[in-house]
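See below for my_file04.cif, which holds mmCIF, C-alpha atoms.
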data_entry
#
loop_
_atom_site.group_PDB
_atom_site.id
_atom_site.type_symbol
_atom_site.label_atom_id
_atom_site.label_comp_id
_atom_site.auth_asym_id
_atom_site.auth_seq_id
_atom_site.Cartn_x
_atom_site.Cartn_y
_atom_site.Cartn_z
ATOM 1 C CA MET A 1224 -37.070 51.286 -73.401
ATOM 2 C CA ALA A 1225 -33.392 51.243 -74.401
ATOM 3 C CA GLN A 1226 -33.919 54.283 -76.588
ATOM 4 C CA ALA A 1227 -35.585 56.162 -73.728
ATOM 5 C CA VAL A 1228 -32.677 55.391 -71.397
ATOM 6 C CA GLU A 1229 -30.202 56.479 -74.055
ATOM 7 C CA GLU A 1230 -32.056 59.734 -74.592
ATOM 8 C CA TRP A 1231 -32.221 60.362 -70.824
ATOM 9 C CA TYR A 1232 -28.483 59.738 -70.558
ATOM 10 C CA LYS A 1233 -27.595 62.038 -73.467
ATOM 11 C CA GLN A 1234 -29.696 64.862 -72.022
ATOM 12 C CA MET A 1235 -27.703 64.884 -68.787
ATOM 13 C CA PRO A 1236 -25.376 67.855 -68.330
ATOM 14 C CA ILE A 1237 -21.680 67.138 -68.749
ATOM 15 C CA ILE A 1238 -20.529 66.944 -65.102
ATOM 16 C CA THR A 1239 -23.458 64.781 -63.989
ATOM 17 C CA ARG A 1240 -23.060 62.444 -66.963
ATOM 18 C CA SER A 1241 -19.305 62.128 -66.467
ATOM 19 C CA TYR A 1242 -19.505 61.454 -62.726
ATOM 20 C CA LEU A 1243 -22.381 58.992 -63.053
ATOM 21 C CA THR A 1244 -20.579 57.107 -65.823
ATOM 22 C CA ALA A 1245 -17.302 56.938 -63.884
ATOM 23 C CA ALA A 1246 -19.092 55.747 -60.733
ATOM 24 C CA ILE A 1247 -21.043 53.003 -62.514
ATOM 25 C CA VAL A 1248 -18.047 51.798 -64.553
ATOM 26 C CA THR A 1249 -15.796 51.730 -61.468
ATOM 27 C CA THR A 1250 -18.315 49.923 -59.278
ATOM 28 C CA ILE A 1251 -19.173 47.360 -61.967
ATOM 29 C CA GLY A 1252 -15.481 46.859 -62.676
ATOM 30 C CA CYS A 1253 -14.861 46.076 -59.013
ATOM 31 C CA SER A 1254 -17.863 43.748 -58.873
ATOM 32 C CA LEU A 1255 -16.510 41.812 -61.871
ATOM 33 C CA GLU A 1256 -13.038 41.840 -60.285
ATOM 34 C CA ILE A 1257 -11.610 43.720 -63.247
ATOM 35 C CA ILE A 1258 -10.544 46.480 -60.862
ATOM 36 C CA SER A 1259 -9.414 45.929 -57.285
ATOM 37 C CA PRO A 1260 -10.930 48.207 -54.606
ATOM 38 C CA TYR A 1261 -7.577 47.966 -52.818
ATOM 39 C CA ASN A 1262 -6.147 50.178 -55.554
ATOM 40 C CA LEU A 1263 -8.891 52.780 -55.129
ATOM 41 C CA TYR A 1264 -9.451 53.454 -51.441
ATOM 42 C CA LEU A 1265 -8.100 56.498 -49.590
ATOM 43 C CA HIS A 1266 -4.810 55.709 -47.884
ATOM 44 C CA PRO A 1267 -2.785 58.785 -46.815
ATOM 45 C CA LYS A 1268 0.533 56.946 -46.449
ATOM 46 C CA LEU A 1269 0.300 55.445 -49.923
ATOM 47 C CA VAL A 1270 -0.591 58.837 -51.366
ATOM 48 C CA VAL A 1271 2.311 60.647 -49.686
ATOM 49 C CA LYS A 1272 5.057 58.025 -49.585
ATOM 50 C CA GLN A 1273 4.354 56.048 -52.761
ATOM 51 C CA TYR A 1274 2.821 58.918 -54.748
ATOM 52 C CA GLN A 1275 -0.422 57.042 -55.431
ATOM 53 C CA VAL A 1276 -2.253 60.336 -55.893
ATOM 54 C CA TRP A 1277 -5.029 58.754 -57.934
ATOM 55 C CA ARG A 1278 -6.529 57.535 -54.644
ATOM 56 C CA LEU A 1279 -7.561 61.123 -53.914
ATOM 57 C CA ILE A 1280 -9.973 60.804 -56.872
ATOM 58 C CA THR A 1281 -10.846 57.111 -57.120
ATOM 59 C CA ASN A 1282 -12.177 56.896 -53.561
ATOM 60 C CA PHE A 1283 -15.035 59.124 -54.748
ATOM 61 C CA LEU A 1284 -15.935 56.781 -57.623
ATOM 62 C CA TYR A 1285 -16.481 53.443 -55.884
ATOM 63 C CA PHE A 1286 -19.877 52.870 -54.232
ATOM 64 C CA ARG A 1287 -19.132 49.449 -52.718
ATOM 65 C CA LYS A 1288 -21.022 46.357 -53.812
ATOM 66 C CA MET A 1289 -23.942 46.541 -56.209
ATOM 67 C CA ASP A 1290 -26.987 46.225 -53.996
ATOM 68 C CA LEU A 1291 -30.030 48.263 -52.977
ATOM 69 C CA ASP A 1292 -27.812 50.850 -51.292
ATOM 70 C CA PHE A 1293 -25.887 51.254 -54.561
ATOM 71 C CA LEU A 1294 -29.119 51.840 -56.491
ATOM 72 C CA PHE A 1295 -30.255 54.425 -53.938
ATOM 73 C CA HIS A 1296 -27.017 56.380 -54.267
ATOM 74 C CA MET A 1297 -27.052 56.191 -58.057
ATOM 75 C CA PHE A 1298 -30.565 57.629 -57.947
ATOM 76 C CA PHE A 1299 -29.454 60.442 -55.619
ATOM 77 C CA LEU A 1300 -26.420 61.124 -57.785
ATOM 78 C CA ALA A 1301 -28.372 61.196 -61.044
ATOM 79 C CA ARG A 1302 -31.223 63.258 -59.606
ATOM 80 C CA TYR A 1303 -29.667 65.868 -57.328
ATOM 81 C CA CYS A 1304 -26.418 66.325 -59.233
ATOM 82 C CA LYS A 1305 -28.508 66.888 -62.360
ATOM 83 C CA LEU A 1306 -30.898 69.272 -60.586
ATOM 84 C CA LEU A 1307 -28.036 71.369 -59.263
ATOM 85 C CA GLU A 1308 -26.194 71.519 -62.559
ATOM 86 C CA GLU A 1309 -29.300 72.311 -64.621
ATOM 87 C CA ASN A 1310 -30.857 74.846 -62.252
ATOM 88 C CA SER A 1311 -28.709 76.438 -59.545
ATOM 89 C CA PHE A 1312 -25.571 76.172 -61.705
ATOM 90 C CA ARG A 1313 -27.148 76.568 -65.118
ATOM 91 C CA GLY A 1314 -24.612 78.150 -67.451
ATOM 92 C CA ARG A 1315 -21.964 77.881 -64.688
ATOM 93 C CA THR A 1316 -20.352 74.508 -65.281
ATOM 94 C CA ALA A 1317 -17.010 75.698 -63.911
ATOM 95 C CA ASP A 1318 -18.660 76.842 -60.666
ATOM 96 C CA PHE A 1319 -20.374 73.478 -60.303
ATOM 97 C CA PHE A 1320 -17.124 71.614 -60.841
ATOM 98 C CA TYR A 1321 -15.485 73.869 -58.256
ATOM 99 C CA MET A 1322 -18.255 73.044 -55.787
ATOM 100 C CA LEU A 1323 -17.527 69.329 -56.179
ATOM 101 C CA LEU A 1324 -13.799 69.982 -55.887
ATOM 102 C CA PHE A 1325 -14.362 72.002 -52.724
ATOM 103 C CA GLY A 1326 -16.563 69.274 -51.245
ATOM 104 C CA ALA A 1327 -14.055 66.545 -52.074
ATOM 105 C CA THR A 1328 -11.252 68.580 -50.493
ATOM 106 C CA VAL A 1329 -13.229 69.257 -47.314
ATOM 107 C CA LEU A 1330 -14.243 65.599 -46.970
ATOM 108 C CA THR A 1331 -10.685 64.393 -47.489
ATOM 109 C CA GLY A 1332 -9.382 66.933 -44.977
ATOM 110 C CA ILE A 1333 -11.947 65.934 -42.342
ATOM 111 C CA VAL A 1334 -11.057 62.250 -42.651
ATOM 112 C CA LEU A 1335 -7.326 62.930 -42.483
ATOM 113 C CA VAL A 1336 -7.596 65.232 -39.468
ATOM 114 C CA GLY A 1337 -10.166 63.020 -37.761
ATOM 115 C CA GLY A 1338 -7.838 60.071 -38.089
ATOM 116 C CA MET A 1339 -5.376 61.873 -35.801
ATOM 117 C CA ILE A 1340 -7.865 62.741 -33.035
ATOM 118 C CA PRO A 1341 -8.013 60.342 -30.066
ATOM 119 C CA TYR A 1342 -11.290 58.509 -29.349
ATOM 120 C CA VAL A 1343 -12.668 59.154 -32.857
ATOM 121 C CA SER A 1344 -9.660 58.151 -34.950
ATOM 122 C CA GLU A 1345 -10.849 54.546 -35.154
ATOM 123 C CA SER A 1346 -14.188 55.641 -36.610
ATOM 124 C CA PHE A 1347 -12.512 57.820 -39.243
ATOM 125 C CA ALA A 1348 -10.040 55.064 -40.099
ATOM 126 C CA ARG A 1349 -12.965 52.950 -41.328
ATOM 127 C CA ILE A 1350 -13.966 55.622 -43.840
ATOM 128 C CA ILE A 1351 -11.871 54.755 -46.873
ATOM 129 C CA PHE A 1352 -14.386 55.647 -49.597
ATOM 130 C CA LEU A 1353 -16.043 59.079 -49.683
ATOM 131 C CA SER A 1354 -18.343 58.613 -52.683
ATOM 132 C CA ASN A 1355 -21.490 58.370 -50.553
ATOM 133 C CA SER A 1356 -20.487 61.455 -48.577
ATOM 134 C CA LEU A 1357 -19.979 63.532 -51.737
ATOM 135 C CA THR A 1358 -23.381 62.439 -53.023
ATOM 136 C CA PHE A 1359 -24.952 63.389 -49.691
ATOM 137 C CA MET A 1360 -23.264 66.781 -49.896
ATOM 138 C CA MET A 1361 -25.062 67.468 -53.182
ATOM 139 C CA VAL A 1362 -28.371 66.470 -51.604
ATOM 140 C CA TYR A 1363 -27.691 68.857 -48.714
ATOM 141 C CA VAL A 1364 -26.785 71.804 -50.965
ATOM 142 C CA TRP A 1365 -29.879 71.231 -53.111
ATOM 143 C CA SER A 1366 -32.117 71.085 -50.024
ATOM 144 C CA LYS A 1367 -30.692 74.383 -48.759
ATOM 145 C CA GLN A 1368 -31.286 76.091 -52.087
ATOM 146 C CA ASN A 1369 -34.825 74.663 -52.458
ATOM 147 C CA PRO A 1370 -36.092 74.513 -48.848
ATOM 148 C CA PHE A 1371 -39.819 74.899 -49.543
ATOM 149 C CA ILE A 1372 -40.352 72.098 -52.063
ATOM 150 C CA HIS A 1373 -42.766 69.475 -50.705
ATOM 151 C CA MET A 1374 -41.527 65.890 -50.770
ATOM 152 C CA SER A 1375 -42.706 62.440 -49.730
ATOM 153 C CA PHE A 1376 -40.649 59.647 -48.212
ATOM 154 C CA LEU A 1377 -41.753 56.273 -49.581
ATOM 155 C CA GLY A 1378 -45.325 57.527 -49.475
ATOM 156 C CA LEU A 1379 -45.292 57.369 -45.654
ATOM 157 C CA PHE A 1380 -45.136 61.060 -44.796
ATOM 158 C CA THR A 1381 -44.523 64.423 -46.412
ATOM 159 C CA PHE A 1382 -42.011 67.113 -45.538
ATOM 160 C CA THR A 1383 -40.261 70.080 -47.089
ATOM 161 C CA ALA A 1384 -36.908 69.737 -48.826
ATOM 162 C CA ALA A 1385 -35.146 71.549 -45.981
ATOM 163 C CA TYR A 1386 -35.517 68.372 -43.904
ATOM 164 C CA LEU A 1387 -34.464 65.943 -46.659
ATOM 165 C CA PRO A 1388 -30.899 65.372 -45.347
ATOM 166 C CA TRP A 1389 -32.211 64.627 -41.856
ATOM 167 C CA VAL A 1390 -34.823 62.225 -43.185
ATOM 168 C CA LEU A 1391 -32.175 60.347 -45.176
ATOM 169 C CA LEU A 1392 -29.825 60.360 -42.190
ATOM 170 C CA GLY A 1393 -32.547 58.831 -40.027
ATOM 171 C CA PHE A 1394 -33.234 56.212 -42.686
ATOM 172 C CA SER A 1395 -29.538 55.299 -42.812
ATOM 173 C CA VAL A 1396 -29.506 54.778 -39.057
ATOM 174 C CA LEU A 1397 -32.650 52.623 -39.219
ATOM 175 C CA VAL A 1398 -31.167 50.301 -41.831
ATOM 176 C CA GLY A 1399 -27.939 49.969 -39.878
ATOM 177 C CA ALA A 1400 -25.694 52.066 -42.112
ATOM 178 C CA SER A 1401 -22.951 54.275 -40.696
ATOM 179 C CA ALA A 1402 -24.214 57.740 -39.799
ATOM 180 C CA TRP A 1403 -20.686 59.134 -40.113
ATOM 181 C CA VAL A 1404 -20.790 58.947 -43.908
ATOM 182 C CA ASP A 1405 -23.951 61.045 -44.153
ATOM 183 C CA LEU A 1406 -22.824 63.453 -41.431
ATOM 184 C CA LEU A 1407 -19.596 64.155 -43.307
ATOM 185 C CA GLY A 1408 -21.623 64.997 -46.408
ATOM 186 C CA MET A 1409 -23.802 67.356 -44.378
ATOM 187 C CA ILE A 1410 -20.749 69.097 -42.900
ATOM 188 C CA ALA A 1411 -19.152 69.599 -46.319
ATOM 189 C CA GLY A 1412 -22.467 70.728 -47.792
ATOM 190 C CA HIS A 1413 -23.077 73.231 -45.013
ATOM 191 C CA ALA A 1414 -19.551 74.593 -45.332
ATOM 192 C CA TYR A 1415 -20.159 75.257 -49.026
ATOM 193 C CA TYR A 1416 -23.633 76.698 -48.444
ATOM 194 C CA PHE A 1417 -22.354 79.071 -45.748
ATOM 195 C CA LEU A 1418 -19.344 80.300 -47.717
ATOM 196 C CA GLU A 1419 -21.193 80.598 -51.028
ATOM 197 C CA ASP A 1420 -24.660 81.832 -49.968
ATOM 198 C CA VAL A 1421 -24.691 83.065 -46.359
ATOM 199 C CA TYR A 1422 -21.293 84.708 -45.896
ATOM 200 C CA PRO A 1423 -21.493 86.850 -49.095
ATOM 201 C CA ARG A 1424 -24.873 88.216 -47.968
ATOM 202 C CA MET A 1425 -23.396 89.102 -44.583
ATOM 203 C CA THR A 1426 -20.169 90.723 -45.771
ATOM 204 C CA GLY A 1427 -20.501 91.356 -49.498
ATOM 205 C CA ARG A 1428 -17.431 89.169 -50.116
ATOM 206 C CA ARG A 1429 -17.377 85.826 -51.903
ATOM 207 C CA PRO A 1430 -14.519 83.597 -50.674
ATOM 208 C CA LEU A 1431 -15.328 80.682 -53.002
ATOM 209 C CA LYS A 1432 -14.816 82.492 -56.272
ATOM 210 C CA THR A 1433 -13.977 79.946 -58.956
ATOM 211 C CA PRO A 1434 -10.321 80.212 -60.047
ATOM 212 C CA ALA A 1435 -9.656 81.364 -63.595
ATOM 213 C CA VAL A 1436 -7.767 78.157 -64.388
ATOM 214 C CA ILE A 1437 -10.925 76.126 -63.743
ATOM 215 C CA LYS A 1438 -13.105 78.550 -65.706
ATOM 216 C CA ALA A 1439 -10.743 78.125 -68.642
ATOM 217 C CA LEU A 1440 -11.503 74.394 -68.717
ATOM 218 C CA PHE A 1441 -15.196 74.901 -69.372
ATOM 219 C CA ALA A 1442 -16.831 76.924 -72.105
ATOM 220 C CA ASP A 1443 -20.079 77.877 -70.404
ATOM 221 C CA GLU A 1444 -22.926 78.727 -72.720
ATOM 222 C CA PRO A 1445 -24.774 81.938 -71.851
ATOM 223 C CA VAL A 1446 -28.229 81.452 -70.394
ATOM 224 C CA VAL A 1447 -30.755 82.849 -72.841
ATOM 225 C CA VAL A 1448 -34.159 83.862 -71.540
ATOM 226 C CA ALA A 1449 -36.767 83.823 -74.295
ATOM 227 C CA ARG A 1450 -38.947 86.895 -74.653
ATOM 228 C CA PRO A 1451 -42.654 86.053 -74.460
ATOM 229 C CA ALA A 1452 -44.469 86.195 -77.784
ATOM 230 C CA ASN A 1453 -46.931 88.934 -78.663
ATOM 231 C CA VAL A 1454 -45.630 91.291 -76.009
ATOM 232 C CA ARG A 1455 -44.943 94.862 -76.994
ATOM 233 C CA PHE A 1456 -42.287 96.793 -75.112
ATOM 234 C CA ALA A 1457 -42.402 100.547 -74.851
ATOM 235 C CA PRO A 1458 -39.300 102.285 -76.254
ATOM 236 C CA PRO A 1459 -37.031 104.198 -73.887
ATOM 237 C CA VAL A 1460 -38.107 107.737 -73.047
ATOM 238 C CA ASP A 1461 -35.359 109.290 -75.108
ATOM 239 C CA GLU A 1462 -36.548 107.373 -78.184
ATOM 240 C CA VAL A 1463 -40.137 108.632 -78.019
ATOM 241 C CA PRO A 1464 -40.642 111.313 -80.692
ATOM 242 C CA GLN A 1465 -41.447 114.700 -79.234
ATOM 243 C CA ASN A 1466 -44.114 116.973 -80.741
ATOM 244 C CA GLN A 1467 -42.574 120.201 -82.039
#
Go ahead and render the structure in this file as structure tokens.
Amino acid sequence: MAQAVEEWYKQMPIITRSYLTAAIVTTIGCSLEIISPYNLYLHPKLVVKQYQVWRLITNFLYFRKMDLDFLFHMFFLARYCKLLEENSFRGRTADFFYMLLFGATVLTGIVLVGGMIPYVSESFARIIFLSNSLTFMMVYVWSKQNPFIHMSFLGLFTFTAAYLPWVLLGFSVLVGASAWVDLLGMIAGHAYYFLEDVYPRMTGRRPLKTPAVIKALFADEPVVVARPANVRFAPPVDEVPQNQ
């Protein structure tokens, strides 16, 4: 059993493995009171005035207390982050990292701006950890890129992947969780999907091109497609010998 888990962990792509490890270590550390959540949560004044910039990152690593909700989000993180990195972003580690960076920036911006809007500022003020929202963003992006995959929710009913975010949002509401957290993930996910997939098809321009400085951080391996065995390919026309 332990060997199987170790093998599963080692086979994870680098971004998924790193994020999952950081999230589990941070959450366990807080549960054991080795780390204080008060040093991790998003607090704009502390970031700006006391230069506690690490909060811009650590608020995405803590998944609250270790309970059933924590296990659900670790499953979503391990599954959909891995699926995106291995399939949609295969051979494009830098692009995948940029997607997460974009999502984290959008989520942080929404919370900061929302905290200044009357009537909703109190709701946004309660959102001090965005880890669940970033995980939900990955689920949303995956569902948009794989809309026709058939899925089942707890064996109760089946649906296509396009409706997965809405099913999970409804489940969150039923169990009494805040819908804001999931909605923020959907907004960030849709922003990325539109700018990366829809807008380029409409205009021929790609606004979310990964910066060269990020590409330099990752040495992406080229994707090699194996040629089927026992298949003969005809030579190009100019290579076919002509009868004199």
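For the set A:Ala1245, A:Ala1317, A:Val1271, A:Ile1257, the residue with the smallest atom-to-atom gap to A:Lys1438 is A:Ala1317, counting all atoms listed in the file.
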Gap from atom CA of A:Ser1401 to atom CA of A:Leu1291 - Å, one decimal:
15.4 Å
Find the residue from A:Phe1295, A:Ala1439, A:Val1270, A:Thr1328 that sits nearest to A:Ser1395; use only C-alpha atoms when measuring.
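Checking each candidate against A:Ser1395, we get A:Phe1295 as the closest.
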4 Å per side around stretch 1342-1352 of chain A: axis-aligned box centre and edge lengths, as JSON:
{"center_x": -12.0, "center_y": 56.1, "center_z": -39.5, "size_x": 12.7, "size_y": 14.2, "size_z": 28.2}
Residues matched by the PyMOL selection byres ((chain A and resi 1300-1315) around 8), written as a list in words
Met1235, Pro1236, Ile1238, Thr1239, Leu1243, His1296, Met1297, Phe1298, Phe1299, Thr1316, Ala1317, Asp1318, Phe1319, Thr1358, Met1361, Val1362, Trp1365, Gln1368, Asp1443, Glu1444, Pro1445 and Val1446 of chain A
Neighbour list for stretch 1334-1345 of chain A as a compact mmCIF listing (two decimals) with C-alpha atoms, in the frame of the given file, cut-off 12 Å, all atoms listed in the file, skip fewer than 2 positions in-chain:
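As a result, out.txt now contains:
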# COMPACT_ATOMS: atom_id res chain seq x y z
CA LEU A 1265 -8.10 56.50 -49.59
CA HIS A 1266 -4.81 55.71 -47.88
CA PRO A 1267 -2.78 58.78 -46.82
CA LYS A 1268 0.53 56.95 -46.45
CA VAL A 1270 -0.59 58.84 -51.37
CA LEU A 1279 -7.56 61.12 -53.91
CA ALA A 1327 -14.06 66.54 -52.07
CA THR A 1328 -11.25 68.58 -50.49
CA VAL A 1329 -13.23 69.26 -47.31
CA LEU A 1330 -14.24 65.60 -46.97
CA THR A 1331 -10.68 64.39 -47.49
CA GLY A 1332 -9.38 66.93 -44.98
CA PHE A 1347 -12.51 57.82 -39.24
CA ALA A 1348 -10.04 55.06 -40.10
CA ARG A 1349 -12.96 52.95 -41.33
CA ILE A 1350 -13.97 55.62 -43.84
CA ILE A 1351 -11.87 54.76 -46.87
CA PHE A 1352 -14.39 55.65 -49.60
CA LEU A 1353 -16.04 59.08 -49.68
CA SER A 1356 -20.49 61.46 -48.58
CA TRP A 1403 -20.69 59.13 -40.11
CA VAL A 1404 -20.79 58.95 -43.91
CA LEU A 1406 -22.82 63.45 -41.43
CA LEU A 1407 -19.60 64.16 -43.31
CA GLY A 1408 -21.62 65.00 -46.41
CA ILE A 1410 -20.75 69.10 -42.90
CA ALA A 1411 -19.15 69.60 -46.32
Given all atoms listed in the file as the counted atoms, nearest of A:Phe1293, A:Asp1405, A:Ile1280, A:Tyr1242 to A:Ser1254:
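Ranking A:Phe1293, A:Asp1405, A:Ile1280, A:Tyr1242 by distance to A:Ser1254, first place goes to A:Phe1293.
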